[in-house]
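Chemist: Structure file entry06.cif, mmCIF, C-alpha atoms (C1' of nucleotides), is pasted below:
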data_my_file
#
loop_
_atom_site.group_PDB
_atom_site.id
_atom_site.type_symbol
_atom_site.label_atom_id
_atom_site.label_comp_id
_atom_site.auth_asym_id
_atom_site.auth_seq_id
_atom_site.Cartn_x
_atom_site.Cartn_y
_atom_site.Cartn_z
ATOM 1 C CA MET W 1 10.311 -15.069 55.631
ATOM 2 C CA PRO W 2 9.512 -17.557 53.029
ATOM 3 C CA GLU W 3 6.118 -18.191 51.546
ATOM 4 C CA LEU W 4 5.554 -18.467 47.816
ATOM 5 C CA PRO W 5 6.385 -14.828 46.932
ATOM 6 C CA GLU W 6 9.678 -14.832 48.825
ATOM 7 C CA VAL W 7 10.652 -18.171 47.347
ATOM 8 C CA GLU W 8 9.834 -16.819 43.880
ATOM 9 C CA VAL W 9 12.171 -13.910 44.572
ATOM 10 C CA ALA W 10 14.868 -16.399 45.584
ATOM 11 C CA ALA W 11 14.314 -18.393 42.381
ATOM 12 C CA ARG W 12 14.643 -15.289 40.194
ATOM 13 C CA ASN W 13 17.769 -14.211 42.049
ATOM 14 C CA LEU W 14 19.387 -17.633 41.697
ATOM 15 C CA ARG W 15 18.695 -17.673 37.956
ATOM 16 C CA ARG W 16 20.135 -14.211 37.526
ATOM 17 C CA TRP W 17 23.188 -14.907 39.677
ATOM 18 C CA GLY W 18 24.049 -18.456 38.829
ATOM 19 C CA GLU W 19 22.361 -19.966 35.794
ATOM 20 C CA GLY W 20 24.904 -21.351 33.372
ATOM 21 C CA ARG W 21 27.822 -21.036 35.776
ATOM 22 C CA ARG W 22 30.092 -23.909 36.773
ATOM 23 C CA VAL W 23 30.593 -24.899 40.406
ATOM 24 C CA ARG W 24 34.226 -24.482 41.504
ATOM 25 C CA ALA W 25 33.805 -25.495 45.136
ATOM 26 C CA ALA W 26 31.074 -26.297 47.629
ATOM 27 C CA GLY W 27 31.114 -26.333 51.414
ATOM 28 C CA CYS W 28 28.807 -26.766 54.369
ATOM 29 C CA SER W 29 29.390 -25.418 57.867
ATOM 30 C CA GLU W 30 26.282 -26.990 59.403
ATOM 31 C CA PRO W 31 25.749 -30.671 58.578
ATOM 32 C CA ARG W 32 22.270 -30.697 60.150
ATOM 33 C CA ILE W 33 20.986 -28.777 57.117
ATOM 34 C CA LEU W 34 22.206 -31.392 54.633
ATOM 35 C CA ASP W 35 20.587 -34.576 53.475
ATOM 36 C CA ALA W 36 20.128 -36.617 50.358
ATOM 37 C CA VAL W 37 17.444 -38.575 48.577
ATOM 38 C CA VAL W 38 18.169 -42.281 48.451
ATOM 39 C CA HIS W 39 16.310 -44.765 46.264
ATOM 40 C CA VAL W 40 15.916 -48.200 47.854
ATOM 41 C CA GLY W 41 14.128 -50.457 45.407
ATOM 42 C CA ASP W 42 10.983 -48.510 44.592
ATOM 43 C CA LYS W 43 11.058 -46.637 47.910
ATOM 44 C CA VAL W 44 12.382 -43.125 48.312
ATOM 45 C CA ARG W 45 14.027 -42.059 51.566
ATOM 46 C CA THR W 46 16.064 -39.161 52.757
ATOM 47 C CA GLU W 47 19.067 -39.539 54.978
ATOM 48 C CA PRO W 48 21.672 -37.243 56.504
ATOM 49 C CA VAL W 49 24.879 -36.921 54.549
ATOM 50 C CA ASP W 50 28.378 -35.674 55.275
ATOM 51 C CA PRO W 51 29.410 -32.295 53.835
ATOM 52 C CA ALA W 52 31.811 -34.231 51.616
ATOM 53 C CA ALA W 53 28.732 -35.282 49.609
ATOM 54 C CA LEU W 54 28.668 -31.749 48.195
ATOM 55 C CA GLY W 55 31.633 -32.832 46.111
ATOM 56 C CA ALA W 56 29.049 -34.208 43.682
ATOM 57 C CA LEU W 57 28.327 -30.603 42.680
ATOM 58 C CA VAL W 58 31.894 -29.617 41.855
ATOM 59 C CA GLY W 59 32.466 -29.356 38.129
ATOM 60 C CA THR W 60 28.774 -29.288 37.296
ATOM 61 C CA ARG W 61 26.919 -26.299 35.892
ATOM 62 C CA LEU W 62 23.703 -24.771 37.234
ATOM 63 C CA GLY W 63 21.320 -25.638 34.442
ATOM 64 C CA GLY W 64 18.012 -24.413 35.767
ATOM 65 C CA VAL W 65 16.061 -23.221 38.778
ATOM 66 C CA GLU W 66 12.430 -24.180 39.247
ATOM 67 C CA ARG W 67 10.023 -23.364 42.030
ATOM 68 C CA LEU W 68 7.042 -25.454 43.108
ATOM 69 C CA GLY W 69 5.166 -23.864 45.986
ATOM 70 C CA LYS W 70 7.822 -23.137 48.589
ATOM 71 C CA ASN W 71 10.296 -25.616 47.085
ATOM 72 C CA LEU W 72 13.328 -24.561 45.064
ATOM 73 C CA LEU W 73 14.634 -27.144 42.609
ATOM 74 C CA LEU W 74 18.131 -26.556 41.259
ATOM 75 C CA ALA W 75 19.304 -28.812 38.436
ATOM 76 C CA PHE W 76 23.077 -29.133 37.969
ATOM 77 C CA LYS W 77 24.392 -30.634 34.731
ATOM 78 C CA ARG W 78 27.532 -32.169 33.311
ATOM 79 C CA GLY W 79 27.494 -31.214 29.683
ATOM 80 C CA ARG W 80 23.914 -31.794 28.623
ATOM 81 C CA LYS W 81 23.133 -34.496 31.151
ATOM 82 C CA PRO W 82 21.505 -33.943 34.548
ATOM 83 C CA ALA W 83 24.150 -34.683 37.174
ATOM 84 C CA VAL W 84 22.680 -33.840 40.555
ATOM 85 C CA GLY W 85 19.826 -31.782 41.890
ATOM 86 C CA VAL W 86 19.384 -29.652 44.961
ATOM 87 C CA TRP W 87 15.974 -29.466 46.585
ATOM 88 C CA SER W 88 16.179 -26.369 48.745
ATOM 89 C CA HIS W 89 13.447 -25.570 51.239
ATOM 90 C CA LEU W 90 13.838 -22.292 53.101
ATOM 91 C CA GLY W 91 11.942 -23.364 56.201
ATOM 92 C CA MET W 92 11.192 -20.417 58.446
ATOM 93 C CA THR W 93 14.326 -18.298 58.116
ATOM 94 C CA GLY W 94 16.119 -19.497 55.012
ATOM 95 C CA LYS W 95 17.384 -17.296 52.198
ATOM 96 C CA TRP W 96 19.920 -17.266 49.385
ATOM 97 C CA LEU W 97 22.472 -14.484 49.224
ATOM 98 C CA ARG W 98 25.190 -13.594 46.733
ATOM 99 C CA ARG W 99 28.643 -12.538 47.857
ATOM 100 C CA ALA W 100 32.088 -12.123 46.336
ATOM 101 C CA PRO W 101 34.347 -15.116 47.012
ATOM 102 C CA ALA W 102 36.622 -13.144 49.358
ATOM 103 C CA ASP W 103 33.769 -11.644 51.386
ATOM 104 C CA PRO W 104 33.185 -12.985 54.874
ATOM 105 C CA PRO W 105 30.250 -15.405 54.869
ATOM 106 C CA PRO W 106 26.933 -13.889 55.998
ATOM 107 C CA ARG W 107 25.858 -14.747 59.541
ATOM 108 C CA PHE W 108 24.222 -18.190 59.613
ATOM 109 C CA SER W 109 25.546 -19.167 56.209
ATOM 110 C CA ARG W 110 25.114 -22.948 56.142
ATOM 111 C CA VAL W 111 26.113 -23.899 52.602
ATOM 112 C CA ARG W 112 28.321 -22.016 50.178
ATOM 113 C CA LEU W 113 28.682 -22.599 46.464
ATOM 114 C CA ASP W 114 31.612 -20.942 44.705
ATOM 115 C CA LEU W 115 30.724 -20.470 41.068
ATOM 116 C CA GLU W 116 32.956 -19.434 38.214
ATOM 117 C CA GLY W 117 33.060 -15.735 37.440
ATOM 118 C CA GLY W 118 33.466 -14.541 41.022
ATOM 119 C CA VAL W 119 29.982 -15.445 42.241
ATOM 120 C CA THR W 120 29.583 -17.098 45.616
ATOM 121 C CA LEU W 121 26.112 -18.201 46.692
ATOM 122 C CA HIS W 122 25.282 -18.704 50.356
ATOM 123 C CA TYR W 123 22.355 -20.647 51.685
ATOM 124 C CA VAL W 124 21.614 -18.884 54.966
ATOM 125 C CA ASP W 125 19.250 -20.271 57.607
ATOM 126 C CA MET W 126 19.341 -19.179 61.219
ATOM 127 C CA ARG W 127 16.832 -21.633 62.633
ATOM 128 C CA LEU W 128 17.721 -24.686 60.576
ATOM 129 C CA PHE W 129 14.119 -25.525 59.731
ATOM 130 C CA GLY W 130 15.006 -25.574 56.049
ATOM 131 C CA PHE W 131 17.011 -28.160 54.199
ATOM 132 C CA PHE W 132 19.537 -28.523 51.417
ATOM 133 C CA ARG W 133 18.769 -31.893 49.868
ATOM 134 C CA LEU W 134 20.838 -33.596 47.195
ATOM 135 C CA VAL W 135 18.791 -35.431 44.575
ATOM 136 C CA PRO W 136 20.507 -38.038 42.381
ATOM 137 C CA ASP W 137 20.380 -37.185 38.671
ATOM 138 C CA ALA W 138 18.204 -34.152 39.499
ATOM 139 C CA GLY W 139 15.321 -36.632 39.357
ATOM 140 C CA PHE W 140 12.768 -34.396 41.033
ATOM 141 C CA ALA W 141 9.842 -35.931 39.156
ATOM 142 C CA ALA W 142 10.439 -39.269 40.871
ATOM 143 C CA LEU W 143 9.953 -37.828 44.363
ATOM 144 C CA PRO W 144 6.555 -38.648 45.850
ATOM 145 C CA ALA W 145 6.460 -35.593 48.104
ATOM 146 C CA LEU W 146 6.777 -33.295 45.090
ATOM 147 C CA ALA W 147 4.573 -35.408 42.843
ATOM 148 C CA ALA W 148 1.797 -35.075 45.432
ATOM 149 C CA LEU W 149 1.656 -31.311 44.895
ATOM 150 C CA PRO W 150 -0.708 -29.753 42.368
ATOM 151 C CA PRO W 151 0.812 -27.412 39.759
ATOM 152 C CA ASP W 152 2.275 -24.220 41.106
ATOM 153 C CA PRO W 153 -0.515 -21.632 41.442
ATOM 154 C CA LEU W 154 1.412 -18.905 39.616
ATOM 155 C CA ALA W 155 2.282 -21.185 36.708
ATOM 156 C CA GLY W 156 -0.761 -23.419 36.393
ATOM 157 C CA GLY W 157 -3.471 -21.626 38.311
ATOM 158 C CA ILE W 158 -5.673 -23.340 40.878
ATOM 159 C CA ASP W 159 -8.021 -26.182 39.978
ATOM 160 C CA THR W 160 -11.061 -24.987 41.907
ATOM 161 C CA ALA W 161 -13.134 -28.090 41.234
ATOM 162 C CA ARG W 162 -10.423 -30.208 42.798
ATOM 163 C CA LEU W 163 -10.025 -27.776 45.680
ATOM 164 C CA THR W 164 -13.758 -27.781 46.337
ATOM 165 C CA ALA W 165 -13.737 -31.569 46.436
ATOM 166 C CA ARG W 166 -10.827 -31.626 48.866
ATOM 167 C CA PHE W 167 -12.367 -28.987 51.133
ATOM 168 C CA ALA W 168 -15.616 -30.927 51.253
ATOM 169 C CA ARG W 169 -13.889 -33.639 53.291
ATOM 170 C CA ILE W 170 -12.059 -31.401 55.744
ATOM 171 C CA GLY W 171 -13.658 -30.496 59.072
ATOM 172 C CA LYS W 172 -10.913 -28.141 60.171
ATOM 173 C CA PRO W 173 -11.223 -24.352 59.979
ATOM 174 C CA VAL W 174 -10.493 -23.177 56.448
ATOM 175 C CA LYS W 175 -7.537 -21.135 57.742
ATOM 176 C CA VAL W 176 -5.925 -24.272 59.168
ATOM 177 C CA ALA W 177 -6.826 -26.439 56.182
ATOM 178 C CA LEU W 178 -5.240 -24.064 53.702
ATOM 179 C CA LEU W 179 -1.805 -24.569 55.244
ATOM 180 C CA ASP W 180 -1.796 -28.094 53.751
ATOM 181 C CA GLN W 181 0.654 -27.743 50.853
ATOM 182 C CA THR W 182 -1.145 -30.393 48.792
ATOM 183 C CA LEU W 183 -4.148 -28.049 48.502
ATOM 184 C CA VAL W 184 -2.567 -24.825 47.208
ATOM 185 C CA PRO W 185 1.217 -25.112 47.313
ATOM 186 C CA GLY W 186 2.931 -21.990 48.568
ATOM 187 C CA VAL W 187 0.339 -20.703 51.029
ATOM 188 C CA GLY W 188 1.821 -19.985 54.452
ATOM 189 C CA ASN W 189 0.486 -18.381 57.582
ATOM 190 C CA ILE W 190 0.656 -14.813 56.230
ATOM 191 C CA GLN W 191 -0.792 -15.427 52.756
ATOM 192 C CA ASP W 192 -3.502 -17.537 54.402
ATOM 193 C CA SER W 193 -4.805 -14.583 56.460
ATOM 194 C CA GLU W 194 -4.347 -12.219 53.539
ATOM 195 C CA ALA W 195 -6.269 -14.407 51.087
ATOM 196 C CA LEU W 196 -9.179 -15.073 53.440
ATOM 197 C CA TRP W 197 -9.469 -11.361 54.081
ATOM 198 C CA ARG W 198 -9.448 -10.603 50.340
ATOM 199 C CA ALA W 199 -12.097 -13.273 49.786
ATOM 200 C CA ALA W 200 -14.154 -11.963 52.747
ATOM 201 C CA ILE W 201 -14.377 -15.458 54.222
ATOM 202 C CA ASP W 202 -14.328 -16.046 57.985
ATOM 203 C CA PRO W 203 -11.180 -18.040 58.814
ATOM 204 C CA ARG W 204 -13.034 -19.976 61.525
ATOM 205 C CA ARG W 205 -15.486 -21.614 59.130
ATOM 206 C CA ARG W 206 -14.995 -25.286 58.482
ATOM 207 C CA ALA W 207 -13.413 -25.903 55.083
ATOM 208 C CA SER W 208 -16.309 -28.232 54.258
ATOM 209 C CA SER W 209 -18.797 -25.374 54.622
ATOM 210 C CA LEU W 210 -17.447 -23.344 51.696
ATOM 211 C CA THR W 211 -19.625 -23.210 48.606
ATOM 212 C CA PRO W 212 -18.035 -23.743 45.177
ATOM 213 C CA ALA W 213 -18.415 -20.017 44.519
ATOM 214 C CA GLU W 214 -16.578 -19.216 47.740
ATOM 215 C CA VAL W 215 -13.780 -21.616 46.846
ATOM 216 C CA ARG W 216 -13.416 -19.878 43.489
ATOM 217 C CA ARG W 217 -13.303 -16.510 45.247
ATOM 218 C CA LEU W 218 -10.685 -17.817 47.659
ATOM 219 C CA ALA W 219 -8.555 -19.230 44.851
ATOM 220 C CA ARG W 220 -8.562 -15.878 43.070
ATOM 221 C CA ALA W 221 -7.741 -14.138 46.343
ATOM 222 C CA VAL W 222 -4.763 -16.418 46.998
ATOM 223 C CA ILE W 223 -3.278 -15.661 43.604
ATOM 224 C CA ALA W 224 -4.014 -11.939 43.930
ATOM 225 C CA SER W 225 -2.272 -11.855 47.298
ATOM 226 C CA PHE W 226 0.749 -13.745 45.945
ATOM 227 C CA ARG W 227 1.065 -11.287 43.058
ATOM 228 C CA HIS W 228 0.539 -8.249 45.244
ATOM 229 C CA THR W 229 3.243 -9.358 47.683
ATOM 230 C CA LEU W 230 5.606 -10.187 44.851
ATOM 231 C CA ARG W 231 5.102 -6.750 43.289
ATOM 232 C CA ALA W 232 5.650 -5.102 46.668
ATOM 233 C CA PHE W 233 8.952 -6.918 47.132
ATOM 234 C CA ALA W 234 10.151 -5.964 43.678
ATOM 235 C CA ALA W 235 9.129 -2.318 44.131
ATOM 236 C CA ASP W 236 10.371 -1.929 47.694
ATOM 237 C CA GLY W 237 13.465 -3.972 47.272
ATOM 238 C CA ALA W 238 15.178 -1.330 45.218
ATOM 239 C CA ASP W 239 15.113 -3.758 42.333
ATOM 240 C CA GLY W 240 13.770 -1.499 39.650
ATOM 241 C CA GLY W 241 15.371 -3.856 37.184
ATOM 242 C CA GLY W 242 18.923 -4.108 38.455
ATOM 243 C CA ALA W 243 19.669 -4.398 42.142
ATOM 244 C CA ASP W 244 18.874 -7.464 44.169
ATOM 245 C CA ILE W 245 15.404 -7.859 45.540
ATOM 246 C CA GLU W 246 15.407 -7.488 49.289
ATOM 247 C CA TYR W 247 13.199 -8.854 52.010
ATOM 248 C CA VAL W 248 10.442 -7.110 53.927
ATOM 249 C CA GLU W 249 12.058 -7.096 57.342
ATOM 250 C CA GLU W 250 15.121 -5.343 56.094
ATOM 251 C CA PRO W 251 15.512 -1.596 56.603
ATOM 252 C CA GLY W 252 13.827 0.699 54.155
ATOM 253 C CA THR W 253 11.121 -1.761 53.153
ATOM 254 C CA ARG W 254 7.398 -1.481 53.904
ATOM 255 C CA ASN W 255 5.146 -4.151 55.281
ATOM 256 C CA PRO W 256 3.021 -4.963 52.206
ATOM 257 C CA PHE W 257 0.355 -6.925 54.063
ATOM 258 C CA ARG W 258 -3.220 -5.747 54.456
ATOM 259 C CA VAL W 259 -4.121 -7.479 57.718
ATOM 260 C CA TYR W 260 -1.264 -9.718 58.846
ATOM 261 C CA ASP W 261 0.258 -8.421 62.091
ATOM 262 C CA ARG W 262 -2.096 -5.447 62.024
ATOM 263 C CA ALA W 263 -4.361 -6.207 64.972
ATOM 264 C CA GLY W 264 -6.216 -3.089 66.083
ATOM 265 C CA ILE W 265 -6.350 -1.191 62.807
ATOM 266 C CA ARG W 266 -9.606 -0.351 61.065
ATOM 267 C CA CYS W 267 -10.405 -2.877 58.327
ATOM 268 C CA PRO W 268 -9.000 -1.551 55.022
ATOM 269 C CA ARG W 269 -12.128 -2.731 53.186
ATOM 270 C CA CYS W 270 -15.191 -1.992 55.319
ATOM 271 C CA HIS W 271 -13.552 0.758 57.397
ATOM 272 C CA VAL W 272 -15.815 -0.249 60.267
ATOM 273 C CA GLY W 273 -14.553 -3.542 61.682
ATOM 274 C CA THR W 274 -11.302 -3.851 63.626
ATOM 275 C CA ILE W 275 -8.618 -6.288 62.469
ATOM 276 C CA THR W 276 -8.489 -8.949 65.155
ATOM 277 C CA ARG W 277 -5.888 -11.547 66.056
ATOM 278 C CA ILE W 278 -6.987 -15.029 67.028
ATOM 279 C CA VAL W 279 -4.989 -18.230 67.443
ATOM 280 C CA GLN W 280 -5.785 -21.299 65.357
ATOM 281 C CA ALA W 281 -3.709 -24.479 65.483
ATOM 282 C CA ALA W 282 -1.158 -22.514 67.516
ATOM 283 C CA ARG W 283 -0.772 -19.952 64.706
ATOM 284 C CA SER W 284 -1.858 -16.333 64.522
ATOM 285 C CA THR W 285 -4.783 -15.466 62.278
ATOM 286 C CA TYR W 286 -5.747 -11.865 61.463
ATOM 287 C CA PHE W 287 -9.176 -11.021 60.123
ATOM 288 C CA CYS W 288 -12.054 -8.580 60.118
ATOM 289 C CA PRO W 289 -14.961 -10.024 62.140
ATOM 290 C CA ARG W 290 -17.364 -7.617 60.468
ATOM 291 C CA CYS W 291 -16.841 -8.242 56.764
ATOM 292 C CA GLN W 292 -15.437 -11.778 56.685
ATOM 293 C CA LYS W 293 -18.518 -14.019 56.701
ATOM 294 C "C1'" DA S 1 13.396 -14.500 82.050
ATOM 295 C "C1'" DC S 2 9.614 -15.306 79.146
ATOM 296 C "C1'" DC S 3 7.000 -15.427 75.017
ATOM 297 C "C1'" DC S 4 6.751 -15.295 70.088
ATOM 298 C "C1'" DG S 5 7.755 -16.702 65.285
ATOM 299 C "C1'" DT S 6 6.736 -16.382 57.447
ATOM 300 C "C1'" DG S 7 7.341 -24.312 58.273
ATOM 301 C "C1'" DT S 8 6.993 -29.067 58.638
ATOM 302 C "C1'" DT S 9 6.828 -33.636 60.793
ATOM 303 C "C1'" DC S 10 5.959 -36.847 64.293
ATOM 304 C "C1'" DG S 11 3.403 -39.134 67.920
ATOM 305 C "C1'" DC S 12 -0.695 -39.524 70.579
ATOM 306 C "C1'" DT S 13 -5.778 -39.664 70.940
ATOM 307 C "C1'" DG S 14 -10.424 -40.517 70.023
ATOM 308 C "C1'" DT A 1 -7.527 -46.325 59.670
ATOM 309 C "C1'" DC A 2 -7.415 -41.672 60.067
ATOM 310 C "C1'" DA A 3 -8.536 -36.703 60.997
ATOM 311 C "C1'" DG A 4 -7.134 -33.598 64.289
ATOM 312 C "C1'" DC A 5 -4.211 -31.684 67.681
ATOM 313 C "C1'" DG A 6 -0.122 -30.409 70.277
ATOM 314 C "C1'" DA A 7 4.745 -30.870 70.719
ATOM 315 C "C1'" DA A 8 9.103 -30.677 68.804
ATOM 316 C "C1'" DC A 9 12.815 -28.902 66.081
ATOM 317 C "C1'" DA A 10 16.507 -24.153 66.824
ATOM 318 C "C1'" DC A 11 17.620 -19.706 67.998
ATOM 319 C "C1'" DG A 12 17.269 -14.796 67.839
ATOM 320 C "C1'" DG A 13 14.296 -10.690 68.933
ATOM 321 C "C1'" DG A 14 11.015 -7.993 71.681
#
Taking this structure as input, can you express it in the form of structure tokens?
Modeler:
Amino acid sequence: MPELPEVEVAARNLRRWGEGRRVRAAGCSEPRILDAVVHVGDKVRTEPVDPAALGALVGTRLGGVERLGKNLLLAFKRGRKPAVGVWSHLGMTGKWLRRAPADPPPRFSRVRLDLEGGVTLHYVDMRLFGFFRLVPDAGFAALPALAALPPDPLAGGIDTARLTARFARIGKPVKVALLDQTLVPGVGNIQDSEALWRAAIDPRRRASSLTPAEVRRLARAVIASFRHTLRAFAADGADGGGADIEYVEEPGTRNPFRVYDRAGIRCPRCHVGTITRIVQAARSTYFCPRCQK
DNA sequence: ACCCGTGTTCGCTG
DNA sequence: TCAGCGAACACGGG
């Protein structure tokens, strides 16, 4: 599921469910999902840790939830001081769910956090491509992998001059290039196809061939697609202001995408071309060969 | 049984 | 040295 819009939904849910609450207990049923940031001199490494390391969370309070691209950053505090952070990446199949403490864990629950007030959070991830990473002192700013990312597109917009300069040095197809999280954090394989379709740019063109005007159009299209998907989740997910936002593959929700996984339909813009699936870098791309130039 | 998959990293090659 | 490419990770669903 998770590209930027889904991760934004997860961030909002976690704030609503858990912000301000103290951690009573923490457990992990799948150690492969767990690791921790370790500082060695001025180097930063990650290494696997035992589930017992989750003990660092017990007694702390969830102080804040931030999202940067597809990364969720949870800061836990003791009193006013940062105690420990969790860098949660949802990988391909990750999600956060809320349950009552006595409920059976959801299938593929990997980490559970029992919070005060009868709230139990489960980090669920069938395929284990995500991670649950402990960060000493919630010192996210000191992590090179996060520092390398530009501001989140929904919070800080997209620096199109910078993006144009980066694209100019990339020979790969623009569709493949845009999956690099250091360009526009949060774009995944679906939003990539959606944004290129909105911008009417052929996904097969080399990134270096885009004009500055086209890069600006693409940047606007990325943000428009993010917002459109986010609105669709909120509307479809029976949220309406109260209930939890759900995910697209769950029953009763509509596929909000214009071209992704829609090979064979008439193009929703030109109504002449046929949405076509091609494979680039071993990933599906959907586009309209007639109006994407 | 076989192929596919919303993400990311690693190793090989030119 | 590095951009680019394919494989690998894990596991359910069609």
Chemist: Considering all atoms listed in the file, return as a list in words whatever protein or nucleic-acid residues lie within 10 Å of segment 7-14 of chain S, sequence-local ones (same chain, fewer than 6 positions apart) excluded.
Modeler: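 Once the adjacent positions are removed, what remains is Pro2, Glu3, Lys70, His89, Leu90, Gly91, Met92, Thr93, Phe129, Gly130, Leu179, Gly188 and Asn189 of chain W; DA3, DG4, DC5, DG6, DA7, DA8 and DC9 of chain A.
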Chemist: Step by step: start from the point (17.4, -36.6, 44.9) in the file's coordinates, keep every protein, DNA or RNA residue that has an atom no farther than 8 Å from it, count only C-alpha atoms (C1' of nucleotides), and write the set as a PyMOL selection string.
Modeler: chain W and resi 36-38+84-87+133-140+143
Chemist: From the set W:Arg78, W:Arg16, W:Arg283, W:Arg112, which residue has the shortest atom-to-atom contact distance to DG5 of chain S, counting all atoms listed in the file?
Modeler: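 Result for the nearest residue to DG5 of chain S: W:Arg283.
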Chemist: Quick one: distance from atom CA of Gln280 of chain W to atom CA of Lys172 of chain W in Å, one decimal?
Modeler: 10.0 Å
Chemist: Quick check, in Å to one decimal: how far apart do atom CA of Ser284 of chain W and atom CA of Ala234 of chain W lie?
Modeler: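 Separation of atom CA of Ser284 of chain W and atom CA of Ala234 of chain W: 26.2 Å.
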Chemist: As an exercise, work out the distance from atom CA of Leu68 of chain W to atom CA of Ala148 of chain W in Å and give it to one decimal place.
Modeler: 11.2 Å
Chemist: For the structure provided, state which residues fall under the PyMOL selection byres ((chain A and resi 14) around 12), and present them as a list in words.
Modeler: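 Those residues are DC2, DC3, DC4 and DG5 of chain S; DG12 and DG13 of chain A.
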Chemist: Mind listing as a list in words which residues of chain W are within 10 Å of chain A, counting only C-alpha atoms (C1' of nucleotides)?
Modeler: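 Close to chain A, chain W has Met126, Arg127, Leu128, Phe129, Arg169, Ile170, Gly171, Lys172, Ala281 and Ala282 of chain W.
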Chemist: Counting all atoms listed in the file, which residue out of W:Ala224, W:Phe76, W:Thr276, W:Pro5 sits closest to chain S?
Modeler: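 Selected residue with least distance to chain S: W:Pro5.
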Chemist: Padding 8 Å on each side, edges along x, y and z: where is the centre of the box around the listed atoms of segment 66-79 of chain W, and how long are its edges in Å to one decimal? Output it as JSON.
Modeler:
{"center_x": 16.3, "center_y": -27.7, "center_z": 39.1, "size_x": 38.4, "size_y": 25.0, "size_z": 34.9}
Chemist: Given all atoms listed in the file as the basis, pick out the residue of W:Ser209, W:Ser193, W:Thr120, W:Thr274 nearest to chain S.
Modeler: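 Ranked by minimum distance to chain S, first place goes to W:Ser193.
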Chemist: Name the residues that the PyMOL selection byres ((chain W and resi 168) around 12) picks from the file above, as a PyMOL selection string, using the file's chain letters and numbers.
Modeler: chain W and resi 160-167+169-174+177+206-212+215
Chemist: Neighbours of Glu8 of chain W within 10 Å (only C-alpha atoms (C1' of nucleotides); same-chain residues fewer than 2 positions away dropped), as a CSV table (one decimal) with C-alpha atoms, keeping the file's coordinate frame?
Modeler:
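This went into part13.csv:
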chain,number,residue,atom,x,y,z
W,2,PRO,CA,9.5,-17.6,53.0
W,3,GLU,CA,6.1,-18.2,51.5
W,4,LEU,CA,5.6,-18.5,47.8
W,5,PRO,CA,6.4,-14.8,46.9
W,6,GLU,CA,9.7,-14.8,48.8
W,10,ALA,CA,14.9,-16.4,45.6
W,11,ALA,CA,14.3,-18.4,42.4
W,12,ARG,CA,14.6,-15.3,40.2
W,13,ASN,CA,17.8,-14.2,42.0
W,14,LEU,CA,19.4,-17.6,41.7
W,66,GLU,CA,12.4,-24.2,39.2
W,67,ARG,CA,10.0,-23.4,42.0
W,68,LEU,CA,7.0,-25.5,43.1
W,69,GLY,CA,5.2,-23.9,46.0
W,70,LYS,CA,7.8,-23.1,48.6
W,71,ASN,CA,10.3,-25.6,47.1
W,72,LEU,CA,13.3,-24.6,45.1
W,154,LEU,CA,1.4,-18.9,39.6
W,186,GLY,CA,2.9,-22.0,48.6
W,226,PHE,CA,0.7,-13.7,45.9
W,230,LEU,CA,5.6,-10.2,44.9
Chemist: Translate the PyMOL selection byres ((chain W and resi 100) around 10), as applied to the file shown, into an explicit residue set as a PDB file with C-alpha atoms, keeping the file's coordinate frame.
Modeler:
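Result file is expr_9.pdb:
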ATOM      1  CA  ARG W  98      25.190 -13.594  46.733  1.00  0.00           C
ATOM      2  CA  ARG W  99      28.643 -12.538  47.857  1.00  0.00           C
ATOM      3  CA  PRO W 101      34.347 -15.116  47.012  1.00  0.00           C
ATOM      4  CA  ALA W 102      36.622 -13.144  49.358  1.00  0.00           C
ATOM      5  CA  ASP W 103      33.769 -11.644  51.386  1.00  0.00           C
ATOM      6  CA  PRO W 104      33.185 -12.985  54.874  1.00  0.00           C
ATOM      7  CA  PRO W 105      30.250 -15.405  54.869  1.00  0.00           C
ATOM      8  CA  ASP W 114      31.612 -20.942  44.705  1.00  0.00           C
ATOM      9  CA  LEU W 115      30.724 -20.470  41.068  1.00  0.00           C
ATOM     10  CA  GLY W 117      33.060 -15.735  37.440  1.00  0.00           C
ATOM     11  CA  GLY W 118      33.466 -14.541  41.022  1.00  0.00           C
ATOM     12  CA  VAL W 119      29.982 -15.445  42.241  1.00  0.00           C
ATOM     13  CA  THR W 120      29.583 -17.098  45.616  1.00  0.00           C
ATOM     14  CA  LEU W 121      26.112 -18.201  46.692  1.00  0.00           C
TER      15      LEU W 121
END
Chemist: Choose the residue, out of W:Ile278, W:Ile223, W:Leu62, W:Val187, that has the smallest atom-to-atom separation from chain S; count only C-alpha atoms (C1' of nucleotides).
Modeler: W:Val187
